[in-house]
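File shown: data-v2.txt (compact mmCIF, C-alpha atoms).
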```
# COMPACT_ATOMS: atom_id res chain seq x y z
CA MET A 1 1.85 -24.89 17.05
CA GLN A 2 1.42 -26.61 13.70
CA PRO A 3 4.46 -27.69 11.71
CA GLN A 4 5.04 -25.28 8.85
CA SER A 5 5.10 -26.51 5.29
CA GLU A 6 7.95 -25.59 3.01
CA ASP A 7 7.42 -22.80 0.52
CA THR A 8 9.15 -21.56 -2.63
CA VAL A 9 11.58 -19.48 -0.58
CA ASP A 10 12.70 -22.64 1.24
CA ALA A 11 13.45 -24.25 -2.13
CA ILE A 12 15.56 -21.23 -3.15
CA ILE A 13 17.45 -21.33 0.16
CA GLU A 14 18.13 -25.04 -0.27
CA GLN A 15 19.48 -24.42 -3.78
CA TRP A 16 21.83 -21.72 -2.49
CA ALA A 17 22.96 -24.02 0.34
CA ARG A 18 23.96 -26.66 -2.23
CA VAL A 19 25.94 -24.32 -4.48
CA ARG A 20 27.15 -21.76 -1.91
CA PRO A 21 27.10 -23.30 1.58
CA ASP A 22 29.20 -20.37 2.81
CA LEU A 23 26.32 -17.88 2.45
CA ASP A 24 24.18 -16.77 5.39
CA THR A 25 20.75 -16.66 3.73
CA ARG A 26 18.63 -15.54 6.71
CA ALA A 27 18.04 -12.13 5.11
CA MET A 28 16.95 -13.82 1.89
CA GLU A 29 14.46 -15.94 3.85
CA VAL A 30 12.87 -12.84 5.36
CA PHE A 31 12.94 -10.45 2.41
CA GLY A 32 12.09 -13.12 -0.15
CA ARG A 33 8.88 -13.76 1.77
CA ILE A 34 8.17 -10.05 2.24
CA PHE A 35 8.58 -9.43 -1.50
CA ARG A 36 6.35 -12.38 -2.42
CA LEU A 37 3.75 -11.40 0.16
CA SER A 38 3.77 -7.82 -1.13
CA ARG A 39 3.24 -8.96 -4.71
CA THR A 40 0.46 -11.39 -3.74
CA MET A 41 -1.37 -8.86 -1.58
CA GLY A 42 -0.90 -6.15 -4.19
CA ASP A 43 -2.66 -8.35 -6.73
CA ARG A 44 -5.47 -9.09 -4.26
CA MET A 45 -5.91 -5.39 -3.52
CA GLU A 46 -6.10 -4.58 -7.25
CA ARG A 47 -8.90 -7.15 -7.56
CA ALA A 48 -10.66 -5.70 -4.49
CA TYR A 49 -10.63 -2.17 -5.93
CA LYS A 50 -11.50 -3.12 -9.51
CA PRO A 51 -15.30 -3.20 -8.91
CA TYR A 52 -15.00 0.44 -7.82
CA GLY A 53 -13.26 1.40 -11.07
CA ILE A 54 -9.99 2.37 -9.36
CA SER A 55 -6.46 1.03 -9.18
CA ARG A 56 -4.33 0.73 -6.05
CA GLY A 57 -2.61 4.00 -6.90
CA GLU A 58 -5.91 5.79 -7.34
CA PHE A 59 -7.15 4.24 -4.09
CA ASP A 60 -4.09 5.71 -2.37
CA VAL A 61 -4.97 9.23 -3.56
CA LEU A 62 -8.60 8.94 -2.45
CA ALA A 63 -7.64 7.32 0.87
CA THR A 64 -5.07 10.04 1.60
CA LEU A 65 -7.71 12.71 1.05
CA ARG A 66 -10.20 10.78 3.22
CA ARG A 67 -7.69 10.35 6.06
CA SER A 68 -6.94 14.08 6.02
CA GLY A 69 -10.36 14.68 7.58
CA GLU A 70 -12.95 17.25 6.63
CA PRO A 71 -12.97 19.07 4.29
CA TYR A 72 -10.95 16.23 2.63
CA THR A 73 -8.68 18.72 0.87
CA LEU A 74 -4.93 18.72 0.24
CA SER A 75 -2.60 20.34 -2.26
CA PRO A 76 -1.15 18.23 -5.08
CA ARG A 77 2.26 18.74 -3.43
CA GLU A 78 0.99 17.36 -0.10
CA LEU A 79 -0.48 14.35 -1.91
CA SER A 80 2.75 13.76 -3.84
CA ALA A 81 4.85 13.91 -0.68
CA THR A 82 2.56 11.54 1.24
CA LEU A 83 2.42 9.02 -1.62
CA MET A 84 6.08 9.44 -2.64
CA LEU A 85 5.09 10.26 -6.22
CA THR A 86 6.48 12.68 -8.75
CA THR A 87 4.23 15.57 -9.67
CA GLY A 88 3.84 14.05 -13.15
CA GLY A 89 2.66 10.74 -11.70
CA MET A 90 0.26 12.57 -9.41
CA THR A 91 -1.16 14.65 -12.27
CA GLY A 92 -2.13 11.52 -14.19
CA ARG A 93 -3.94 10.06 -11.21
CA LEU A 94 -5.70 13.32 -10.44
CA ASP A 95 -6.81 13.69 -14.08
CA LYS A 96 -8.41 10.24 -14.06
CA LEU A 97 -10.07 10.67 -10.67
CA GLU A 98 -11.37 14.13 -11.55
CA GLY A 99 -12.72 12.82 -14.85
CA ALA A 100 -14.58 10.12 -12.90
CA GLY A 101 -16.11 12.75 -10.62
CA LEU A 102 -14.34 11.44 -7.51
CA LEU A 103 -12.41 14.62 -6.76
CA ARG A 104 -12.18 18.20 -7.93
CA ARG A 105 -9.32 20.62 -8.28
CA SER A 106 -9.82 24.26 -7.42
CA PRO A 107 -7.61 27.33 -6.96
CA ASP A 108 -5.93 27.66 -3.56
CA PRO A 109 -7.48 30.71 -1.88
CA HIS A 110 -4.18 31.40 -0.06
CA ASP A 111 -1.81 30.94 -3.01
CA ARG A 112 -2.89 32.12 -6.42
CA ARG A 113 -0.40 29.75 -8.08
CA GLY A 114 -1.55 26.74 -6.08
CA LEU A 115 -4.36 24.22 -6.31
CA ARG A 116 -6.42 22.31 -3.78
CA VAL A 117 -7.69 18.78 -4.39
CA THR A 118 -10.95 17.84 -2.66
CA LEU A 119 -12.99 14.63 -2.50
CA THR A 120 -16.45 14.92 -4.00
CA GLU A 121 -19.45 13.32 -2.29
CA GLU A 122 -19.17 10.45 -4.79
CA GLY A 123 -15.45 10.12 -4.02
CA LEU A 124 -16.16 10.00 -0.30
CA ARG A 125 -18.82 7.33 -0.77
CA LEU A 126 -16.58 5.27 -3.03
CA ILE A 127 -13.48 5.40 -0.81
CA ASP A 128 -15.49 4.44 2.25
CA GLU A 129 -16.73 1.33 0.42
CA ALA A 130 -13.38 0.51 -1.21
CA VAL A 131 -11.43 0.74 2.06
CA GLY A 132 -13.77 -1.86 3.54
CA ALA A 133 -13.20 -4.19 0.57
CA GLY A 134 -9.43 -3.81 0.86
CA LEU A 135 -9.42 -4.38 4.61
CA ALA A 136 -11.49 -7.53 4.11
CA GLN A 137 -8.76 -8.91 1.83
CA GLU A 138 -6.01 -7.99 4.30
CA SER A 139 -7.94 -9.39 7.26
CA ALA A 140 -8.58 -12.65 5.43
CA ALA A 141 -4.86 -13.06 4.78
CA LEU A 142 -3.97 -12.09 8.34
CA SER A 143 -6.39 -14.66 9.74
CA ALA A 144 -3.57 -17.21 9.32
CA LEU A 145 -2.15 -15.65 12.51
CA ASP A 146 -3.73 -15.27 15.92
CA ALA A 147 -4.01 -11.81 17.48
CA GLU A 148 -0.77 -12.16 19.45
CA GLU A 149 1.19 -13.33 16.39
CA ALA A 150 -0.24 -10.51 14.28
CA GLY A 151 0.74 -7.94 16.91
CA HIS A 152 4.22 -9.42 17.23
CA LEU A 153 4.69 -9.43 13.45
CA ALA A 154 3.51 -5.81 13.20
CA GLY A 155 6.05 -4.82 15.86
CA LEU A 156 8.89 -6.68 14.16
CA LEU A 157 8.05 -5.16 10.78
CA ARG A 158 7.91 -1.68 12.35
CA LYS A 159 11.37 -2.27 13.83
CA LEU A 160 12.75 -3.50 10.52
CA LEU A 161 11.17 -0.63 8.60
CA ASP A 162 12.63 1.88 11.04
CA ALA A 163 16.09 0.31 10.71
CA THR A 164 15.97 0.56 6.91
CA ALA A 165 14.46 4.08 6.60
CA ASP A 166 16.54 6.52 4.61
```
Taking this structure as input, can you express it in the form of structure tokens?
Amino acid sequence: MQPQSEDTVDAIIEQWARVRPDLDTRAMEVFGRIFRLSRTMGDRMERAYKPYGISRGEFDVLATLRRSGEPYTLSPRELSATLMLTTGGMTGRLDKLEGAGLLRRSPDPHDRRGLRVTLTEEGLRLIDEAVGAGLAQESAALSALDAEEAGHLAGLLRKLLDATAD
């Protein structure tokens, strides 16, 4: 195992140790790195999706429809719940994606007040390409770990996420 170099979180921990040696900063070491990693990977994902003319948020809508399986159709409410978005936030994304021809909204045949959102053929093609570009970015970052380390990290993060779920 290679010795690990110090990072910006280590510098912050050292500063706290000097001014407040009484603090247990283990949580800061973990979450400081998670927050920084999230921001870094978020920026990389934005760059990966930019050639496709979509943002991360728009990718999430298209990917949720794609993962739903054929006929790639959900209600706006189902999309909002999955993506933890308000209906107003969802409407803006749907407007943009519909305007780009990546999805269409149509009346719900089972609820005259409801709508269904469906991927178009162009939306399906685009999301299948964009998901590959995003996974390439994530895989490149994850290549710093071997398969066993990546599996162990995934398990630990799952445990931590479960412990913090509301």
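Picture a line from atom CA of Pro76 of chain A to atom CA of Arg116 of chain A; it runs 6.8 Å.
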Box for segment 119-130 of chain A: with edges along x, y and z, all listed atoms inside and 8 Å added on each side, what are the centre and edge lengths in Å to one decimal, as JSON?
```
{"center_x": -16.2, "center_y": 7.7, "center_z": -1.3, "size_x": 22.5, "size_y": 30.4, "size_z": 23.0}
```
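The residue that comes closest to Glu122 of chain A, out of A:Val61, A:Leu97, A:Gly42, A:Leu153 and on the basis of all atoms listed in the file, is A:Leu97.
Relative to atom CA of Glu29 of chain A, atom CA of Ile12 of chain A is found at 8.8 Å.
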Measuring between all atoms listed in the file, which one of A:Lys159, A:Glu46, A:Leu62, A:Val30 shows the shortest distance to Glu121 of chain A?
A:Leu62
Go ahead and find all residues with at least one atom no further than 12 Å from (-3.3, 1.6, -8.2) in the file's coordinates, using all atoms listed in the file; report them as a PyMOL selection string.
chain A and resi 42-50+52-63+83+89-90+92-93+96-97
How many Å lie between atom CA of Ala27 of chain A and atom CA of Ile13 of chain A, rounded to one decimal?
10.5 Å
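Of the residues listed (A:Thr64, A:Ser75, A:Ser143, A:Thr91), A:Thr64 shows the shortest atom-to-atom separation from Leu124 of chain A; distances use all atoms listed in the file.
Point (18.9, -15.8, 3.7) has the following residues at most 12 Å away: Val9, Asp10, Ala11, Ile12, Ile13, Glu14, Gln15, Trp16, Ala17, Arg20, Pro21, Asp22, Leu23, Asp24, Thr25, Arg26, Ala27, Met28, Glu29, Val30, Phe31, Gly32 and Arg33 of chain A (atoms considered: all atoms listed in the file).
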